[in-house]
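> Here it is, the structure in full.
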Amino acid sequence: MKAVFLLSLQNTGRFFQDSSERCPFRYFFPFLLHIIDKTILGKVFMCGIAGFYQPNKNYQQTREFACGILSKMSRVLRHRGPDSSGIWLGREGGLAHARLAVIDLIGGGQPMLRRMGDETVAIIYNGELYNTEELRKELCSLGQRFESTSDTEVVLNGYLEFGPEIVRRLNGIYAFAVLDTQKRQLMLCRDRAGVKPLFYTQCEEELIFASEIKGLFAHPAVVPRLDKRGIQEIFSLGPARIPGSGIFAGVKEVLPGHYLLCGSAGIQDITYWALESHPHEDSAQETIEKTSFLVQDAIRRQMVSDVPICTFLSGGIDSSLVSAVCAAELKKKGRQLHTFSFDFVGNDRFFQANAFQPSRDRPYVDKMAEFLGSCHHYLECSNLTQADRLYDSVLAHDLPSMADIDSSMLQFCSMVKETCKVALTGECADEIFGGYPWFHKKEFFEADTFPWSVDSGARQVLLKEEVLKELKMEEFIRESYEASLAETPYLEGETKMEARRREIAWLNLRWFMQTLLNRMDRTSMYSGLEARVPFADHRIIEYVWNVPWEIKTAGGVAKHLLREASRGLLPEEILFRKKSPYPKTYDTKYEELLADRVREMMGDIQAPVMKYLDKKKVEAFLNASSDYARPWYGQLMAGPQMLAYILQVNFWMERYRVG
């Protein structure tokens with residue numbers, strides 16, 4: 001069975017709509033495939049995908065119009081895949097793809113097709129498989145033939161062999177769509193941890209999907225609308241989102257570990273992976289050894305690349321461990337690791353140690369860079385850049401985000417991209433190994449609400465009384481919390497304390513980690529950078545989920561299990577460094593800059609967010625009231641981040657013309 005690849009020229013807007021059409025390259029396919037097989041197609045891509053599907057419609061009757069929509073959907077996702085793009089239109093639906101390739105050559109494109117007589121199976125894929133070779137060998141033994149070394153073709157052949165159940169064999173980060181004209185169905189799938197995004201909506205009988213919400217809005221039938229529930233999420237829970245919610249009315253997100261089957265019978269939502277609770281039978285030493293293997297194996301698997309990889313290095317245990325494994329592997333090949341650390345202009349003068357952020361990263365970064373022998377890059381962000389990029393963060397997410405914690409990361413990713421195209425990060429270790437204060441401190445642990453937003457009143461200090469009365473924020477938070485809590489996979493026979501620990505861990509994986517994964521994907525992909533998260537490997541999540549707390553934090557040491565699993569790989573000083581979260585600026589001039597912008601916004605009678613804000617309350621807040629210091633999300637988001645978030649909400653409502 002011969003693969004048919006739709007090829008497109010790098011950095012052009014030219015699309016080949018169907019391989020059956022006459023095309024000046026059709027006679028060169030065999031030659032191109034021979035070359036591409038050993039170059040592009042075996043490499044790793046991060047991309048944007050989009051499309052539409054309606055089983056009772058023939059899009060070929062309006063081919064030019066439908067292809068125009070696909071082209072537009074691909075263009076608005078171009079930041080996710082600036083190197084090339086392609087579309088394919090079938091009878092009942094169409095697919096669009098934008099690719100970020102890891103080497104700078106003309107390459108084989110997606111959508112990727114398999115012809116079977118008059119029928120076609122087409123795939124568009126965003127992500128990376130970490131067990132490609134194992135699956136390829138299995139599929140070859142079953143008679144599947146390959147034209148390339150691409151992981152996309154592995155997923156496609158896997159679908160042909162096993163149907164949608166191929167997803168249970170995949171280890172990686174991915175979001176993909178398979179349009180099967182023979183079975184008359186569309187499959188949408190998202191990876192287990194939710195590293196890669198995939199949104200969808202329905203307009204009458206048509207299902208429309210895209211990697212990012214902006215891709216949906218490129219379709220003429222989809223209009224940005226906000227209902228009461230969306231407003232409640234923005235003010236009561238944001239920057240978090242209810243699992244599966246796209247905030248905009250009618251917009252949903254495929255849940256992590258789920259796939260959708262869409263056909264004439266409607267939409268089936270199928271769970272192919274979920275956490276399960278079992279008694280942990282390994283000894284403490286066996287647990288440390290298995291954890292060490294799983295973490296190192298995940299890091300090594302995610303190093304696959306044909307361009308130099310780099311790592312984010314903060315000097316904490318998470319990023320240091322990832323960097324140490326990468327540096328050691330590259331050293332075997334005679335290569336040097338590039339590492340990047342982030343800080344803010346003037347933080348050497350303005351930094352103030354506190355309970356959550358006890359030390360600056362710089363001294364520990366220096367020690368690790370020397371220990372690794374890495375080529376290290378110190379990156380800094382200024383006040384003005386951080387404030388200006390608040391708006392770019394909204395464009396990256398299509399939603400208000402984590403304020404300046406997000407905008408600064410977006411800036412750093414854009415700077416890293418100038419040197420490297422692929423980065424490994426230490427994200428997700430705290431959620432999985434129990435590193436946050438709410439795993440340990442009584443006031444957080446026992447709070448009967450989301451532990452990162454214990455003080456819900458801090459979210460209400462700027463809102464009009466009539467808005468508070470209408471939104472019923474406390475009730476909405478309570479309903480969202482209890483609904484999520486009810487899904488916790490408890491273990492029968494556990495103590496009340498251990499059951500609560502599972503609840504905290506569940507909420508972290510389901511909510512807080514997802515917010516950080518969204519941040520990592522959008523900020524990196526907006527910049528054309530591929531960021532990987534080894535700790536989000538589902539094997540690590542599954543195993544550590546069932547490890548008892550007395551092993552995870554033996555001796556009362558936070559993340560004891562990970563520290564012990566890292567022995568011999570890191571200096572002792574790094575191994576037992578107290579947690580210090582993502583840095584933020586301590587320069588009060590940044591706060592003054594935000595305050596000026598908020599005052600300017602309040603003076604604009606057209607500012608949409610002012611429908612919700614009380615001017616007197618905002619002025620009091622700006623004048624350093626006691627409310628200013630109240631954290632409202634996570635460890636470090638307080639007054640300055642509230643101002644930044646309000647600016648983002650206003651820009652979002654303006655830019656997206658939210659109705």
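By order in the structure tokens, chains are A, B, ...; within a chain, residues start at 1; ligands start at 1, following the order shown.
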Tell me which protein, DNA and RNA residues are within 8 Å of Gly158 (chain A), counting only C-alpha atoms, leaving out same-chain ones fewer than 5 positions away, and put them as a list in words.

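These residues fall inside the cut-off: Leu139, Gly163 and Ile166 of chain A.
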
> So which bits of region 170-354 of chain A end up alpha helix (DSSP H) when you DSSP the backbone, as a PyMOL selection string?

chain A and resi 213-217+228-232+284-301+317-332+347-350

> Excluding Ser480 (chain A) and its own-chain neighbours fewer than 5 positions away, which residues fall within 9 Å of it when counting only C-alpha atoms? Please give them as an MDAnalysis selection string.

chainID A and resid 242 475 485

> Need to verify the contact set: Gly434 (chain A), 9 Å, only C-alpha atoms, exclusion of same-chain residues closer than 4 positions in sequence. Can you return it as number ranges by chain?

A: 429-430, 438-440, 505, 549, 552-553, 558-559

> With a cut-off of 9 Å, could you pull out the residues of region 296-396 of chain A touching region 586-593 of chain A and give me the nearest pair of atoms for each, distance in Å to one decimal, using only C-alpha atoms, ordered by chain and ascending number, as a Markdown table?


```
| residue | atom | partner | partner_atom | distance |
| --- | --- | --- | --- | --- |
| A:Phe344 | CA | A:Tyr586 | CA | 8.5 |
| A:Val345 | CA | A:Asp587 | CA | 8.6 |
| A:Gly346 | CA | A:Asp587 | CA | 7.1 |
| A:Asn347 | CA | A:Tyr586 | CA | 6.4 |
| A:Arg349 | CA | A:Asp587 | CA | 8.6 |
| A:Phe350 | CA | A:Tyr586 | CA | 5.3 |
| A:Phe351 | CA | A:Tyr586 | CA | 5.5 |
| A:Gln352 | CA | A:Tyr586 | CA | 7.1 |
| A:Ser382 | CA | A:Tyr590 | CA | 8.8 |
| A:Asn383 | CA | A:Tyr590 | CA | 5.3 |
| A:Leu384 | CA | A:Tyr590 | CA | 7.6 |
| A:Gln386 | CA | A:Tyr590 | CA | 8.6 |
| A:Ala387 | CA | A:Leu593 | CA | 7.8 |
```

> Mind checking which residues fall within 9 Å of Lys579 (chain A), counting only C-alpha atoms, ignoring those fewer than 4 positions away in the same chain, and posting them as a list in words?

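With the cut-off at 9 Å, the set is Gly316, Ile317, Phe356, Gln357, Pro358, Ser359, Gly435, Tyr436 and Ala558 of chain A.
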
> Store the residues picked out above in a file with N, CA, C and O atoms, as a short mmCIF file (atom, residue, chain, number, x, y, z; two decimals), in the first residue's frame.


```cif
data_model
loop_
_atom_site.label_atom_id
_atom_site.label_comp_id
_atom_site.auth_asym_id
_atom_site.auth_seq_id
_atom_site.Cartn_x
_atom_site.Cartn_y
_atom_site.Cartn_z
N GLY A 316 16.82 24.66 40.15
CA GLY A 316 16.03 23.80 41.01
C GLY A 316 16.21 22.36 40.60
O GLY A 316 16.78 22.05 39.54
N ILE A 317 15.70 21.44 41.41
CA ILE A 317 15.95 20.02 41.14
C ILE A 317 15.33 19.56 39.83
O ILE A 317 15.95 18.76 39.10
N PHE A 356 7.70 31.93 49.99
CA PHE A 356 7.48 31.17 48.77
C PHE A 356 8.70 31.20 47.85
O PHE A 356 8.96 30.26 47.12
N GLN A 357 9.45 32.29 47.88
CA GLN A 357 10.60 32.45 47.00
C GLN A 357 11.81 32.80 47.86
O GLN A 357 12.20 33.96 47.97
N PRO A 358 12.41 31.78 48.49
CA PRO A 358 13.46 32.03 49.48
C PRO A 358 14.80 32.48 48.91
O PRO A 358 15.63 33.03 49.64
N SER A 359 15.02 32.26 47.61
CA SER A 359 16.34 32.61 47.05
C SER A 359 16.22 32.89 45.56
O SER A 359 15.30 32.40 44.89
N GLY A 435 5.16 18.89 45.28
CA GLY A 435 6.10 19.92 45.68
C GLY A 435 5.49 21.22 46.16
O GLY A 435 6.17 22.03 46.77
N TYR A 436 4.20 21.45 45.90
CA TYR A 436 3.59 22.73 46.24
C TYR A 436 3.23 22.81 47.72
O TYR A 436 3.00 21.79 48.38
N ALA A 558 9.97 17.60 51.22
CA ALA A 558 9.15 17.72 50.01
C ALA A 558 9.88 17.12 48.81
O ALA A 558 11.08 17.32 48.64
#
```

> Tell me which protein, DNA and RNA residues are within 8 Å of region 206-218 of chain A, counting only C-alpha atoms, leaving out same-chain ones fewer than 5 positions away, and put them as a ChimeraX atom specification.

/A:48-54,69,72-74,76-77,175,196-201,223-224,246,251,397-398

> So that I can see what lies close to Leu337 (chain A), please list as a PyMOL selection string the residues with an atom at most 9 Å from it, counting only C-alpha atoms and leaving out residues fewer than 4 positions away in the same chain.

chain A and resi 308-311+323+326-328+330-331+372-376
